[in-house]
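Raw contents of target-v2.cif, mmCIF, C-alpha atoms:
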data_data
loop_
_atom_site.label_atom_id
_atom_site.label_comp_id
_atom_site.auth_asym_id
_atom_site.auth_seq_id
_atom_site.Cartn_x
_atom_site.Cartn_y
_atom_site.Cartn_z
CA MET A 1 -177.17 35.33 -54.04
CA SER A 2 -179.27 37.17 -56.64
CA PRO A 3 -178.25 40.83 -57.13
CA GLU A 4 -181.83 42.07 -56.52
CA THR A 5 -182.57 40.08 -53.38
CA LEU A 6 -181.01 38.70 -50.26
CA GLN A 7 -182.36 35.25 -51.09
CA ASP A 8 -180.09 32.56 -52.50
CA GLN A 9 -180.65 30.81 -55.81
CA PRO A 10 -182.84 29.58 -57.32
CA PRO A 11 -185.22 32.53 -57.52
CA VAL A 12 -188.96 31.99 -57.10
CA PRO A 13 -189.73 31.84 -60.87
CA GLY A 14 -187.11 29.09 -61.22
CA ILE A 15 -188.61 27.13 -58.34
CA MET A 16 -192.06 27.44 -59.86
CA ARG A 17 -190.81 26.31 -63.28
CA VAL A 18 -189.23 23.18 -61.74
CA VAL A 19 -192.44 22.31 -59.87
CA ARG A 20 -194.57 22.87 -62.99
CA GLU A 21 -192.23 20.77 -65.16
CA PHE A 22 -192.29 17.98 -62.57
CA LEU A 23 -196.08 18.00 -62.48
CA GLU A 24 -196.22 17.93 -66.28
CA SER A 25 -193.82 14.97 -66.35
CA ILE A 26 -195.93 12.83 -64.01
CA ILE A 27 -199.43 13.90 -65.03
CA ASP A 28 -200.01 10.80 -67.19
CA GLN A 29 -199.03 8.56 -64.26
CA VAL A 30 -201.41 10.20 -61.79
CA PRO A 31 -204.57 8.19 -61.01
CA ASP A 32 -207.64 9.43 -62.85
CA ALA A 33 -209.23 10.69 -59.63
CA ASP A 34 -206.30 13.08 -59.09
CA ARG A 35 -205.37 13.95 -62.69
CA TYR A 36 -207.79 16.89 -62.91
CA HIS A 37 -206.31 18.41 -59.75
CA ALA A 38 -202.78 17.90 -61.09
CA MET A 39 -203.77 19.64 -64.34
CA CYS A 40 -205.25 22.51 -62.32
CA CYS A 41 -201.97 22.79 -60.41
CA VAL A 42 -200.02 23.01 -63.69
CA TYR A 43 -202.40 25.72 -64.92
CA LEU A 44 -202.06 27.68 -61.67
CA MET A 45 -198.26 27.40 -61.76
CA ASN A 46 -198.35 28.84 -65.30
CA VAL A 47 -200.53 31.73 -64.11
CA ALA A 48 -198.26 32.39 -61.15
CA GLU A 49 -195.15 32.35 -63.38
CA ARG A 50 -196.74 34.89 -65.73
CA GLU A 51 -197.87 37.04 -62.80
CA LEU A 52 -194.34 37.12 -61.39
CA ALA A 53 -193.03 38.15 -64.82
CA VAL A 54 -195.17 41.31 -65.06
CA ASP A 55 -195.01 44.54 -63.12
CA PRO A 56 -197.91 44.34 -60.64
CA VAL A 57 -198.38 48.10 -60.79
CA ALA A 58 -198.79 48.08 -64.60
CA PRO A 59 -197.29 51.57 -64.97
CA GLU A 60 -198.68 52.31 -68.45
CA LEU A 61 -202.20 51.33 -67.43
CA LYS A 62 -201.90 53.25 -64.18
CA GLN A 63 -200.84 56.39 -66.09
CA ARG A 64 -203.90 56.04 -68.33
CA ILE A 65 -206.24 55.65 -65.35
CA ASP A 66 -204.64 58.61 -63.55
CA ALA A 67 -204.95 60.76 -66.68
CA PHE A 68 -208.59 59.73 -67.08
CA LEU A 69 -209.38 60.58 -63.45
CA GLY A 70 -207.29 63.76 -63.52
CA GLU A 71 -205.36 62.83 -60.38
CA ILE A 72 -202.61 60.49 -59.24
CA ARG A 73 -203.72 57.83 -56.76
CA PRO A 74 -202.53 54.39 -55.67
CA LEU A 75 -203.59 51.82 -58.27
CA PRO A 76 -206.27 50.06 -56.15
CA ASP A 77 -207.85 53.43 -55.28
CA ALA A 78 -207.70 54.59 -58.89
CA ILE A 79 -209.37 51.42 -60.16
CA GLN A 80 -212.02 51.69 -57.44
CA GLU A 81 -212.74 55.33 -58.32
CA PHE A 82 -212.89 54.51 -62.04
CA SER A 83 -215.27 51.59 -61.37
CA VAL A 84 -217.57 53.69 -59.19
CA GLY A 85 -217.62 56.45 -61.81
CA LEU A 86 -218.42 53.91 -64.50
CA ARG A 87 -221.34 52.46 -62.51
CA GLU A 88 -222.68 55.91 -61.64
CA GLY A 89 -222.63 57.07 -65.26
CA ARG A 90 -219.89 59.67 -64.79
CA CYS A 91 -217.94 58.18 -67.69
CA ASP A 92 -220.77 58.20 -70.23
CA ALA A 93 -219.69 61.43 -71.91
CA ARG A 94 -216.24 59.92 -72.54
CA TRP A 95 -217.45 56.58 -73.83
CA ASP A 96 -214.67 55.85 -76.36
CA GLU A 97 -211.95 56.64 -73.83
CA THR A 98 -213.81 54.66 -71.15
CA PHE A 99 -214.19 51.63 -73.41
CA ALA A 100 -210.49 51.72 -74.34
CA LEU A 101 -209.52 51.89 -70.66
CA VAL A 102 -211.78 48.99 -69.67
CA LEU A 103 -210.45 46.94 -72.59
CA ALA A 104 -206.85 47.69 -71.53
CA GLN A 105 -207.61 46.50 -67.99
CA VAL A 106 -209.21 43.28 -69.21
CA VAL A 107 -206.37 42.57 -71.65
CA ALA A 108 -203.78 43.13 -68.90
CA LYS A 109 -205.57 40.62 -66.67
CA VAL A 110 -206.10 38.00 -69.39
CA GLN A 111 -202.43 38.29 -70.44
CA VAL A 112 -201.68 36.77 -67.04
CA SER A 113 -204.61 34.40 -66.52
CA LYS A 114 -205.13 32.90 -70.00
CA PRO A 115 -203.10 34.71 -72.71
CA ASP A 116 -203.95 32.20 -75.44
CA HIS A 117 -207.59 33.37 -75.22
CA LEU A 118 -206.62 36.83 -76.49
CA GLN A 119 -206.82 37.88 -80.09
CA PRO A 120 -203.33 38.13 -81.66
CA ILE A 121 -203.48 41.94 -81.58
CA HIS A 122 -203.57 41.84 -77.75
CA ARG A 123 -200.92 39.18 -77.18
CA LYS A 124 -197.45 40.19 -76.02
#
Give the structure from the file, written as structure tokens.
Amino acid sequence: MSPETLQDQPPVPGIMRVVREFLESIIDQVPDADRYHAMCCVYLMNVAERELAVDPVAPELKQRIDAFLGEIRPLPDAIQEFSVGLREGRCDARWDETFALVLAQVVAKVQVSKPDHLQPIHRK
């Protein structure tokens, strides 16, 4: 049993790695009609593995959003409030800070979805 969970081994990331590695090992043997879907599955397993490896709350980003808004809120509410403020022009006077915050959000998302698309300065 894993010390952080009641579930036995292997943990979910290990299961996902095994499935991804299996798919990668058979991808050249898959009929052409199904190869694209197999490649998509490998890609999605990679995304899911990266997503499991990061803190879903993104504490540093959440602190920045809370500081920008001047109040502490649950992350989905904070992002919603920030987005509404951005659309309504309430962030225009703080453009540099707003741009940096939007960039940080995008980088955090792309680090999970497609990290090799980031410039080296934004890669972990």
Starting from the displayed file, determine the output of the PyMOL selection byres ((chain A and resi 81) around 12) and express the residue list as a list in words. Ile65, Asp66, Phe68, Leu69, Gly70, Glu71, Ile72, Arg73, Pro74, Leu75, Pro76, Asp77, Ala78, Ile79, Gln80, Phe82, Ser83, Val84, Gly85, Leu86, Arg87, Glu88, Arg90 and Cys91 of chain A
How far is it from CA of Val19 (chain A) to CA of Ser113 (chain A), in Å with one decimal?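 These atoms are spaced 18.4 Å apart.
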Pick out the residues sitting within 12 Å of region 22-26 of chain A, and hand them over as an MDAnalysis selection string; count all atoms listed in the file, and ignore anything fewer than 2 positions along from it in its own chain. chainID A and resid 15:20 28:31 34:46
Do you know which residues are at most 12 Å from Glu51 (chain A) counting only C-alpha atoms, after dropping those on the same chain fewer than 4 positions away, and could you put them as a PDB file with C-alpha atoms, in the frame of the given file?
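Saved to out_17.pdb:
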ATOM      1  CA  VAL A  12    -188.960  31.990 -57.100  1.00  0.00           C
ATOM      2  CA  PRO A  13    -189.730  31.840 -60.870  1.00  0.00           C
ATOM      3  CA  MET A  16    -192.060  27.440 -59.860  1.00  0.00           C
ATOM      4  CA  LEU A  44    -202.060  27.680 -61.670  1.00  0.00           C
ATOM      5  CA  MET A  45    -198.260  27.400 -61.760  1.00  0.00           C
ATOM      6  CA  ASN A  46    -198.350  28.840 -65.300  1.00  0.00           C
ATOM      7  CA  VAL A  47    -200.530  31.730 -64.110  1.00  0.00           C
ATOM      8  CA  ASP A  55    -195.010  44.540 -63.120  1.00  0.00           C
ATOM      9  CA  PRO A  56    -197.910  44.340 -60.640  1.00  0.00           C
ATOM     10  CA  VAL A  57    -198.380  48.100 -60.790  1.00  0.00           C
ATOM     11  CA  ALA A  58    -198.790  48.080 -64.600  1.00  0.00           C
ATOM     12  CA  ALA A 108    -203.780  43.130 -68.900  1.00  0.00           C
ATOM     13  CA  LYS A 109    -205.570  40.620 -66.670  1.00  0.00           C
ATOM     14  CA  VAL A 110    -206.100  38.000 -69.390  1.00  0.00           C
ATOM     15  CA  GLN A 111    -202.430  38.290 -70.440  1.00  0.00           C
ATOM     16  CA  VAL A 112    -201.680  36.770 -67.040  1.00  0.00           C
ATOM     17  CA  SER A 113    -204.610  34.400 -66.520  1.00  0.00           C
ATOM     18  CA  LYS A 114    -205.130  32.900 -70.000  1.00  0.00           C
ATOM     19  CA  PRO A 115    -203.100  34.710 -72.710  1.00  0.00           C
TER      20      PRO A 115
END
To one decimal place in Å, what is the distance between CA of Ala67 (chain A) and CA of Leu118 (chain A)?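 Computing it gives 25.9 Å between the two atoms.
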Report, in Å to a single decimal, how far apart CA of Asp32 (chain A) and CA of His117 (chain A) are.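 Calculated distance between CA of His117 (chain A) and CA of Asp32 (chain A) is 26.9 Å.
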Counting only C-alpha atoms, which residue out of A:Leu6, A:Gly14, A:Asp116, A:Ala104 sits closest to Glu49 (chain A)?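 Of all the options, A:Gly14 lies closest to Glu49 (chain A).
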